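Visitor: Sharing start21.txt below, compact mmCIF, C-alpha atoms:
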# COMPACT_ATOMS: atom_id res chain seq x y z
CA MET A 1 73.92 92.97 32.60
CA GLU A 2 72.82 93.07 28.93
CA ASP A 3 69.24 94.09 29.82
CA ARG A 4 70.42 96.99 31.98
CA MET A 5 72.92 98.08 29.31
CA LEU A 6 70.10 98.34 26.77
CA GLN A 7 68.49 101.05 28.94
CA ILE A 8 71.62 103.20 28.54
CA ALA A 9 72.15 105.49 25.54
CA PRO A 10 74.31 103.92 22.78
CA ASN A 11 77.14 106.46 23.14
CA GLU A 12 77.31 105.84 26.91
CA ARG A 13 77.20 102.06 26.39
CA ARG A 14 80.22 102.49 24.14
CA GLU A 15 82.00 104.54 26.83
CA ILE A 16 81.31 101.83 29.43
CA LEU A 17 82.66 99.07 27.15
CA ILE A 18 85.80 101.10 26.37
CA ALA A 19 86.36 101.79 30.09
CA TYR A 20 85.82 98.08 30.88
CA ARG A 21 88.38 97.00 28.28
CA LYS A 22 90.90 99.58 29.56
CA LEU A 23 90.36 98.24 33.07
CA LEU A 24 90.99 94.64 31.98
CA ARG A 25 94.16 95.66 30.10
CA ALA A 26 95.44 97.61 33.11
CA SER A 27 94.82 94.69 35.48
CA SER A 28 95.71 91.78 33.19
CA GLY A 29 98.88 91.03 35.16
CA ILE A 30 97.10 90.52 38.48
CA LEU A 31 93.90 88.75 37.41
CA LYS A 32 93.00 85.10 36.98
CA TRP A 33 89.87 83.96 35.14
CA GLU A 34 87.96 83.64 38.43
CA ASP A 35 88.87 87.23 39.25
CA VAL A 36 87.48 88.44 35.92
CA LYS A 37 84.18 86.74 36.75
CA GLN A 38 84.11 88.55 40.11
CA ILE A 39 84.78 91.85 38.37
CA ARG A 40 81.93 91.21 35.95
CA LYS A 41 79.70 90.38 38.91
CA ALA A 42 80.66 93.67 40.60
CA ILE A 43 79.86 95.61 37.42
CA GLU A 44 76.55 93.77 37.06
CA LEU A 45 75.64 94.65 40.66
CA SER A 46 76.57 98.27 40.01
CA LEU A 47 74.43 98.37 36.85
CA ASP A 48 71.55 96.75 38.71
CA LYS A 49 71.68 99.03 41.76
CA VAL A 50 72.86 102.39 40.37
CA GLY A 51 73.09 101.82 36.62
CA LEU A 52 71.17 104.92 35.56
CA GLU A 53 72.26 107.23 38.40
CA ARG A 54 74.78 109.95 37.67
CA SER A 55 77.51 111.82 39.51
CA PRO A 56 77.28 115.63 39.75
CA SER A 57 79.40 115.77 36.58
CA GLY A 58 76.58 114.10 34.66
CA LYS A 59 78.63 110.94 34.15
CA LEU A 60 76.97 107.57 34.84
CA SER A 61 78.03 106.21 38.24
CA VAL A 62 79.07 102.87 36.75
CA LEU A 63 81.42 104.63 34.31
CA HIS A 64 82.95 106.63 37.16
CA SER A 65 83.49 103.34 39.09
CA LEU A 66 85.26 101.71 36.13
CA GLU A 67 87.61 104.67 35.85
CA VAL A 68 88.29 104.66 39.60
CA GLY A 69 89.05 100.94 39.39
CA ARG A 70 91.57 101.50 36.62
CA ILE A 71 93.32 104.26 38.61
CA ALA A 72 93.44 101.99 41.68
CA VAL A 73 95.23 99.27 39.72
CA GLU A 74 97.27 101.14 37.11
CA GLU A 75 98.32 104.30 38.95
CA ILE A 76 98.27 103.22 42.61
CA GLY A 77 99.20 99.56 42.23
CA LEU A 78 96.36 97.95 44.18
CA GLY A 79 95.27 94.32 43.71
CA ARG A 80 92.11 92.45 42.75
CA THR A 81 90.38 92.81 46.14
CA SER A 82 90.78 96.59 46.10
CA LEU A 83 89.71 96.69 42.45
CA ILE A 84 86.42 94.96 43.28
CA CYS A 85 85.91 97.38 46.19
CA ALA A 86 86.53 100.37 43.90
CA LEU A 87 83.87 99.04 41.53
CA LEU A 88 81.40 98.60 44.42
CA TYR A 89 82.05 101.94 46.16
CA GLU A 90 79.23 103.76 44.34
CA VAL A 91 76.86 100.85 45.05
CA LEU A 92 77.40 101.24 48.78
CA ARG A 93 77.12 105.04 48.64
CA ARG A 94 74.04 105.27 46.43
CA SER A 95 71.91 102.20 47.18
CA GLY A 96 70.58 100.30 50.17
CA THR A 97 73.04 97.45 49.66
CA SER A 98 74.52 96.33 52.98
CA VAL A 99 78.02 95.15 53.82
CA ASP A 100 76.51 91.74 54.68
CA GLU A 101 75.15 91.44 51.14
CA ILE A 102 78.57 92.31 49.78
CA LYS A 103 80.15 89.68 52.04
CA GLN A 104 77.78 86.98 50.79
CA GLN A 105 78.61 87.72 47.16
CA PHE A 106 82.28 88.72 47.29
CA GLY A 107 83.74 87.32 50.52
CA GLU A 108 85.06 88.63 53.82
CA GLN A 109 88.14 90.49 52.52
CA VAL A 110 86.06 92.67 50.20
CA ALA A 111 83.42 93.18 52.92
CA ASN A 112 86.01 94.39 55.46
CA ILE A 113 87.29 97.10 53.10
CA MET A 114 83.74 98.06 52.15
CA ASP A 115 82.90 98.37 55.85
CA GLY A 116 85.75 100.88 56.20
CA LEU A 117 84.54 102.79 53.14
CA ILE A 118 80.99 103.07 54.44
CA LYS A 119 82.22 104.23 57.87
CA VAL A 120 84.20 107.01 56.18
CA PHE A 121 81.16 107.89 54.06
CA ASP A 122 79.01 108.12 57.21
CA LEU A 123 81.70 110.26 58.86
CA TYR A 124 81.27 112.88 56.12
CA HIS A 125 77.56 113.12 56.90
CA ARG A 126 78.12 113.54 60.64
CA ASN A 127 80.77 116.27 60.43
CA ALA A 128 80.05 119.76 59.15
CA SER A 129 83.70 120.74 58.73
CA ILE A 130 86.27 118.46 57.12
CA GLN A 131 89.01 121.04 57.58
CA SER A 132 89.86 120.12 61.13
CA GLU A 133 92.56 117.95 62.64
CA ASN A 134 89.87 116.01 64.49
CA PHE A 135 88.20 115.02 61.21
CA ARG A 136 91.52 113.85 59.79
CA LYS A 137 92.17 111.72 62.89
CA LEU A 138 88.67 110.20 62.76
CA LEU A 139 89.13 109.45 59.06
CA LEU A 140 92.34 107.54 59.70
CA THR A 141 90.77 105.73 62.68
CA PHE A 142 87.79 104.49 60.67
CA ALA A 143 89.97 103.56 57.71
CA GLN A 144 92.01 100.94 59.59
CA ASP A 145 92.98 99.26 56.31
CA VAL A 146 95.17 101.61 54.23
CA ARG A 147 93.42 100.34 51.10
CA VAL A 148 90.31 102.26 52.20
CA ILE A 149 92.25 105.53 51.96
CA LEU A 150 93.88 104.51 48.67
CA ILE A 151 90.50 103.74 47.07
CA ILE A 152 89.13 107.10 48.22
CA ILE A 153 92.24 108.82 46.79
CA ALA A 154 91.56 107.07 43.45
CA ASP A 155 87.93 108.23 43.63
CA ARG A 156 88.90 111.84 44.37
CA LEU A 157 91.54 111.88 41.62
CA GLN A 158 88.99 110.74 39.04
CA THR A 159 86.53 113.34 40.36
CA MET A 160 89.19 116.08 40.05
CA ARG A 161 89.92 115.00 36.47
CA SER A 162 86.27 115.54 35.50
CA LEU A 163 85.71 118.67 37.63
CA ASP A 164 85.24 120.90 34.56
CA THR A 165 81.63 119.69 34.34
CA TYR A 166 80.76 120.42 38.00
CA THR A 167 79.17 123.61 39.28
CA PRO A 168 81.57 126.37 40.46
CA GLU A 169 80.45 125.79 44.07
CA LEU A 170 81.25 122.08 43.93
CA GLN A 171 84.55 122.78 42.17
CA LEU A 172 85.66 124.94 45.09
CA SER A 173 84.30 122.57 47.74
CA ILE A 174 85.89 119.43 46.27
CA SER A 175 89.17 121.22 45.53
CA SER A 176 89.35 122.45 49.13
CA GLU A 177 88.77 118.91 50.44
CA VAL A 178 91.43 117.42 48.16
CA SER A 179 93.93 120.14 49.07
CA TYR A 180 93.45 119.70 52.81
CA LEU A 181 92.99 115.93 53.06
CA TYR A 182 93.90 113.84 50.05
CA ALA A 183 96.90 115.53 48.41
CA PRO A 184 98.84 115.44 51.74
CA MET A 185 97.77 111.80 52.30
CA ALA A 186 98.92 110.87 48.79
CA HIS A 187 102.29 112.49 49.58
CA ARG A 188 102.65 110.56 52.85
CA LEU A 189 101.81 107.30 51.09
CA GLY A 190 104.48 107.89 48.44
CA LEU A 191 102.05 108.66 45.61
CA TYR A 192 104.04 111.69 44.47
CA THR A 193 102.71 111.81 40.90
CA ILE A 194 99.12 111.70 42.12
CA LYS A 195 99.86 114.29 44.82
CA SER A 196 101.33 116.65 42.20
CA GLU A 197 98.41 116.19 39.81
CA MET A 198 95.92 116.82 42.62
CA GLU A 199 97.72 120.04 43.58
CA ASP A 200 97.84 121.20 39.95
CA LEU A 201 94.10 120.58 39.56
CA VAL A 202 93.33 122.27 42.89
CA MET A 203 95.14 125.38 41.63
CA LYS A 204 93.18 125.21 38.37
CA TYR A 205 89.89 125.58 40.25
CA THR A 206 90.94 127.79 43.16
CA ASN A 207 93.42 130.16 41.49
CA ARG A 208 92.70 130.13 37.74
CA ASP A 209 94.80 133.20 36.93
CA MET A 210 97.95 131.73 38.48
CA TYR A 211 97.25 128.33 36.87
CA LYS A 212 96.90 129.95 33.41
CA PHE A 213 100.02 132.05 33.95
CA ILE A 214 102.14 129.01 34.89
CA ALA A 215 100.68 126.92 32.05
CA LYS A 216 101.46 129.72 29.57
CA LYS A 217 105.06 130.08 30.82
CA LEU A 218 105.64 126.33 30.67
CA ASN A 219 104.26 126.21 27.14
CA GLU A 220 106.49 129.12 26.07
CA THR A 221 109.63 127.38 27.34
CA LYS A 222 108.69 123.86 26.22
CA ARG A 223 110.77 123.94 23.03
CA ALA A 224 113.88 125.10 24.88
CA ARG A 225 113.41 122.48 27.61
CA ASP A 226 112.86 119.71 25.04
CA LYS A 227 116.01 120.80 23.18
CA TYR A 228 118.01 120.83 26.42
CA ILE A 229 116.79 117.34 27.40
How would this structure read if it were set down as structure tokens?
Guide:
Amino acid sequence: MEDRMLQIAPNERREILIAYRKLLRASSGILKWEDVKQIRKAIELSLDKVGLERSPSGKLSVLHSLEVGRIAVEEIGLGRTSLICALLYEVLRRSGTSVDEIKQQFGEQVANIMDGLIKVFDLYHRNASIQSENFRKLLLTFAQDVRVILIIIADRLQTMRSLDTYTPELQLSISSEVSYLYAPMAHRLGLYTIKSEMEDLVMKYTNRDMYKFIAKKLNETKRARDKYI
């Protein structure tokens, strides 16, 4: 882990360490010492396999994974198995690592969720249009464990939060996907705060004028609302 970290720019190493500490603080109530070792192993595998690769935002994949893991635990309420899967999601998407390799290192529970994640990932490549009822049904069929969907929701939420650095084309494409698939799923799963944030961010990138108008009006009335409360 240390050797791979040395290949990363000092400012990004600092970001990774801060994200790692935030993740440990967020998950301190659900982790035992053995779990922390598994988390470190997942991060080491991520650094080894995709350490220097970046998301379209320019952010290192491993940093994105750490932030997704924190959302999964802190904002969705998932446990240690799902946390490890969130940390390994980019590994499965971006490298030749197989589910069998994951099973050998992290056990059957983690491998089963990762199998669902890779099936969903493959589904995206085989379907030209995600905005169809058939795609939604296939997605739910492949994701037999609800934790698969919850991890993907955490991934999409983190992506939406960093969408400012994406190209305008990707901003529209990702926003459309989140609006059609993941905001409604978050609502059905009782994740109302996440659903609302997703919808707000979708508006930001698909209807900027309306988003700015609403933000301005809310800001103008903030003092009166605070006084009333």
Visitor: Mind pulling up the distance from atom CA of A:Glu199 to atom CA of A:Leu181?
Guide: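 Atom-to-atom, atom CA of A:Leu181 and atom CA of A:Glu199 are spaced 11.4 Å apart.
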Visitor: With 12 Å as the cut-off and all atoms listed in the file counted, what is the closest atom pair between each nearby residue of stretch 132-208 of chain A and stretch 64-71 of chain A? Distances in Å to one decimal, ordered by chain and number, as a Markdown table.
Guide:
| residue | atom | partner | partner_atom | distance |
| --- | --- | --- | --- | --- |
| A:Leu150 | CA | A:Ile71 | CA | 10.1 |
| A:Ile151 | CA | A:Val68 | CA | 7.8 |
| A:Ile152 | CA | A:Val68 | CA | 9.0 |
| A:Ile153 | CA | A:Val68 | CA | 9.2 |
| A:Ala154 | CA | A:Val68 | CA | 5.6 |
| A:Asp155 | CA | A:Val68 | CA | 5.4 |
| A:Arg156 | CA | A:Val68 | CA | 8.6 |
| A:Leu157 | CA | A:Val68 | CA | 8.2 |
| A:Gln158 | CA | A:Val68 | CA | 6.1 |
| A:Thr159 | CA | A:His64 | CA | 8.3 |
| A:Met160 | CA | A:Val68 | CA | 11.5 |
| A:Arg161 | CA | A:Glu67 | CA | 10.6 |
| A:Ser162 | CA | A:His64 | CA | 9.7 |
| A:Ile194 | CA | A:Ile71 | CA | 10.1 |
Visitor: Please write the residues from the selection above to a file, keeping C-alpha atoms, as a PDB file, in the frame of the given file.
Guide:
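What follows is the written file part-v4.pdb:
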ATOM      1  CA  LEU A 150      93.880 104.510  48.670  1.00  0.00           C
ATOM      2  CA  ILE A 151      90.500 103.740  47.070  1.00  0.00           C
ATOM      3  CA  ILE A 152      89.130 107.100  48.220  1.00  0.00           C
ATOM      4  CA  ILE A 153      92.240 108.820  46.790  1.00  0.00           C
ATOM      5  CA  ALA A 154      91.560 107.070  43.450  1.00  0.00           C
ATOM      6  CA  ASP A 155      87.930 108.230  43.630  1.00  0.00           C
ATOM      7  CA  ARG A 156      88.900 111.840  44.370  1.00  0.00           C
ATOM      8  CA  LEU A 157      91.540 111.880  41.620  1.00  0.00           C
ATOM      9  CA  GLN A 158      88.990 110.740  39.040  1.00  0.00           C
ATOM     10  CA  THR A 159      86.530 113.340  40.360  1.00  0.00           C
ATOM     11  CA  MET A 160      89.190 116.080  40.050  1.00  0.00           C
ATOM     12  CA  ARG A 161      89.920 115.000  36.470  1.00  0.00           C
ATOM     13  CA  SER A 162      86.270 115.540  35.500  1.00  0.00           C
ATOM     14  CA  ILE A 194      99.120 111.700  42.120  1.00  0.00           C
TER      15      ILE A 194
END
Visitor: One number please: atom CA of A:Pro10 to atom CA of A:Lys59, in Å, one decimal.
Guide: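 Atom CA of A:Lys59 lies at a distance of 14.0 Å from atom CA of A:Pro10.
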Visitor: Which polymer residues have any atom within 12 Å of an atom of A:Leu172, counting all atoms listed in the file, with same-chain residues fewer than 2 positions away left out, as a list in words?
Guide: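 Counting all atoms listed in the file, the residues come to Met160, Leu163, Asp164, Tyr166, Thr167, Pro168, Glu169, Leu170, Ile174, Ser175, Ser176, Glu177, Val178, Ser179, Leu201, Val202, Met203, Lys204, Tyr205, Thr206, Asn207 and Arg208 of chain A.
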Visitor: Might you pull out every residue within 9 Å of A:Val73, with all atoms listed in the file counted and same-chain residues fewer than 2 positions away left off, and present them as a ChimeraX atom specification?
Guide: /A:23,26-27,68-71,75-80,82-83
Visitor: From the list A:Lys137, A:Lys103, A:Arg40, A:Lys222, which residue is nearest A:Tyr20 when using only C-alpha atoms?
Guide: A:Arg40
Visitor: Could you jot down the atom CA of A:Thr81 to atom CA of A:Met114 separation for me, Å, one decimal place?
Guide: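 Here the two named atoms are 10.4 Å from each other.
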Visitor: For A:Arg126, please output as a list in words all residues within 12 Å (counting all atoms listed in the file; exclusion window: fewer than 5 positions along the same chain).
Guide: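 The residues satisfying every condition are Lys119, Val120, Phe121, Phe135, Leu138 and Leu139 of chain A.
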Visitor: Looking at A:Val50, A:Cys85, A:Leu31, A:Leu63, which one is nearest to A:Ile18, with distances taken over all atoms listed in the file?
Guide: A:Leu63
Visitor: Starting from the point (81.3, 100.4, 56.8), work out which residues of protein, DNA or RNA have an atom no more than 12 Å away when counting only C-alpha atoms; state them as a list in words.
Guide: Cys85, Tyr89, Leu92, Arg93, Thr97, Ser98, Val99, Asp100, Ile102, Lys103, Val110, Ala111, Asn112, Ile113, Met114, Asp115, Gly116, Leu117, Ile118, Lys119, Val120, Phe121, Asp122, Leu123, Phe142, Ala143, Gln144, Asp145 and Val148 of chain A
Visitor: Of the residues A:Gly190, A:Pro184, A:Gly107, A:Gly96, which is the one nearest to A:Gln38, using only C-alpha atoms?
Guide: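 So, comparing all the options, the nearest one is A:Gly107.
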Visitor: Can stretch 151-180 of chain A be brought up to N, CA and C atoms and written out as a JSON list (two decimals), keeping the file's coordinate frame?
Guide:
[["chain", "number", "residue", "atom", "x", "y", "z"],
["A", 151, "ILE", "N", 91.66, 103.77, 47.96],
["A", 151, "ILE", "CA", 90.50, 103.74, 47.07],
["A", 151, "ILE", "C", 89.83, 105.11, 47.03],
["A", 152, "ILE", "N", 89.74, 105.76, 48.18],
["A", 152, "ILE", "CA", 89.13, 107.10, 48.22],
["A", 152, "ILE", "C", 90.01, 108.10, 47.46],
["A", 153, "ILE", "N", 91.34, 107.96, 47.56],
["A", 153, "ILE", "CA", 92.24, 108.82, 46.79],
["A", 153, "ILE", "C", 92.00, 108.62, 45.29],
["A", 154, "ALA", "N", 91.85, 107.35, 44.87],
["A", 154, "ALA", "CA", 91.56, 107.07, 43.45],
["A", 154, "ALA", "C", 90.24, 107.71, 43.04],
["A", 155, "ASP", "N", 89.24, 107.63, 43.90],
["A", 155, "ASP", "CA", 87.93, 108.23, 43.63],
["A", 155, "ASP", "C", 88.04, 109.74, 43.49],
["A", 156, "ARG", "N", 88.77, 110.38, 44.41],
["A", 156, "ARG", "CA", 88.90, 111.84, 44.37],
["A", 156, "ARG", "C", 89.72, 112.29, 43.17],
["A", 157, "LEU", "N", 90.74, 111.52, 42.79],
["A", 157, "LEU", "CA", 91.54, 111.88, 41.62],
["A", 157, "LEU", "C", 90.68, 111.86, 40.36],
["A", 158, "GLN", "N", 89.87, 110.81, 40.21],
["A", 158, "GLN", "CA", 88.99, 110.74, 39.04],
["A", 158, "GLN", "C", 87.97, 111.88, 39.06],
["A", 159, "THR", "N", 87.47, 112.22, 40.25],
["A", 159, "THR", "CA", 86.53, 113.34, 40.36],
["A", 159, "THR", "C", 87.21, 114.65, 39.94],
["A", 160, "MET", "N", 88.45, 114.86, 40.41],
["A", 160, "MET", "CA", 89.19, 116.08, 40.05],
["A", 160, "MET", "C", 89.42, 116.15, 38.54],
["A", 161, "ARG", "N", 89.67, 115.01, 37.91],
["A", 161, "ARG", "CA", 89.92, 115.00, 36.47],
["A", 161, "ARG", "C", 88.68, 115.38, 35.65],
["A", 162, "SER", "N", 87.51, 115.21, 36.22],
["A", 162, "SER", "CA", 86.27, 115.54, 35.50],
["A", 162, "SER", "C", 85.57, 116.77, 36.10],
["A", 163, "LEU", "N", 86.31, 117.56, 36.88],
["A", 163, "LEU", "CA", 85.71, 118.67, 37.63],
["A", 163, "LEU", "C", 85.22, 119.82, 36.74],
["A", 164, "ASP", "N", 85.69, 119.86, 35.50],
["A", 164, "ASP", "CA", 85.24, 120.90, 34.56],
["A", 164, "ASP", "C", 83.72, 120.93, 34.42],
["A", 165, "THR", "N", 83.08, 119.78, 34.58],
["A", 165, "THR", "CA", 81.63, 119.69, 34.34],
["A", 165, "THR", "C", 80.81, 119.89, 35.62],
["A", 166, "TYR", "N", 81.46, 120.16, 36.74],
["A", 166, "TYR", "CA", 80.76, 120.42, 38.00],
["A", 166, "TYR", "C", 80.40, 121.90, 38.11],
["A", 167, "THR", "N", 79.51, 122.21, 39.04],
["A", 167, "THR", "CA", 79.17, 123.61, 39.28],
["A", 167, "THR", "C", 80.35, 124.31, 39.95],
["A", 168, "PRO", "N", 80.46, 125.64, 39.81],
["A", 168, "PRO", "CA", 81.57, 126.37, 40.46],
["A", 168, "PRO", "C", 81.63, 126.14, 41.97],
["A", 169, "GLU", "N", 80.48, 126.03, 42.61],
["A", 169, "GLU", "CA", 80.45, 125.79, 44.07],
["A", 169, "GLU", "C", 81.07, 124.45, 44.42],
["A", 170, "LEU", "N", 80.69, 123.41, 43.67],
["A", 170, "LEU", "CA", 81.25, 122.08, 43.93],
["A", 170, "LEU", "C", 82.74, 122.03, 43.57],
["A", 171, "GLN", "N", 83.13, 122.73, 42.54],
["A", 171, "GLN", "CA", 84.55, 122.78, 42.17],
["A", 171, "GLN", "C", 85.39, 123.29, 43.33],
["A", 172, "LEU", "N", 84.93, 124.37, 43.96],
["A", 172, "LEU", "CA", 85.66, 124.94, 45.09],
["A", 172, "LEU", "C", 85.63, 124.02, 46.30],
["A", 173, "SER", "N", 84.46, 123.44, 46.57],
["A", 173, "SER", "CA", 84.30, 122.57, 47.74],
["A", 173, "SER", "C", 85.17, 121.32, 47.63],
["A", 174, "ILE", "N", 85.12, 120.67, 46.47],
["A", 174, "ILE", "CA", 85.89, 119.43, 46.27],
["A", 174, "ILE", "C", 87.39, 119.74, 46.24],
["A", 175, "SER", "N", 87.76, 120.83, 45.59],
["A", 175, "SER", "CA", 89.17, 121.22, 45.53],
["A", 175, "SER", "C", 89.72, 121.49, 46.92],
["A", 176, "SER", "N", 88.93, 122.16, 47.76],
["A", 176, "SER", "CA", 89.35, 122.45, 49.13],
["A", 176, "SER", "C", 89.57, 121.16, 49.91],
["A", 177, "GLU", "N", 88.66, 120.21, 49.76],
["A", 177, "GLU", "CA", 88.77, 118.91, 50.44],
["A", 177, "GLU", "C", 90.02, 118.16, 50.00],
["A", 178, "VAL", "N", 90.27, 118.14, 48.70],
["A", 178, "VAL", "CA", 91.43, 117.42, 48.16],
["A", 178, "VAL", "C", 92.72, 118.08, 48.63],
["A", 179, "SER", "N", 92.74, 119.42, 48.64],
["A", 179, "SER", "CA", 93.93, 120.14, 49.07],
["A", 179, "SER", "C", 94.25, 119.88, 50.53],
["A", 180, "TYR", "N", 93.23, 119.84, 51.38],
["A", 180, "TYR", "CA", 93.45, 119.70, 52.81],
["A", 180, "TYR", "C", 93.70, 118.25, 53.22]]
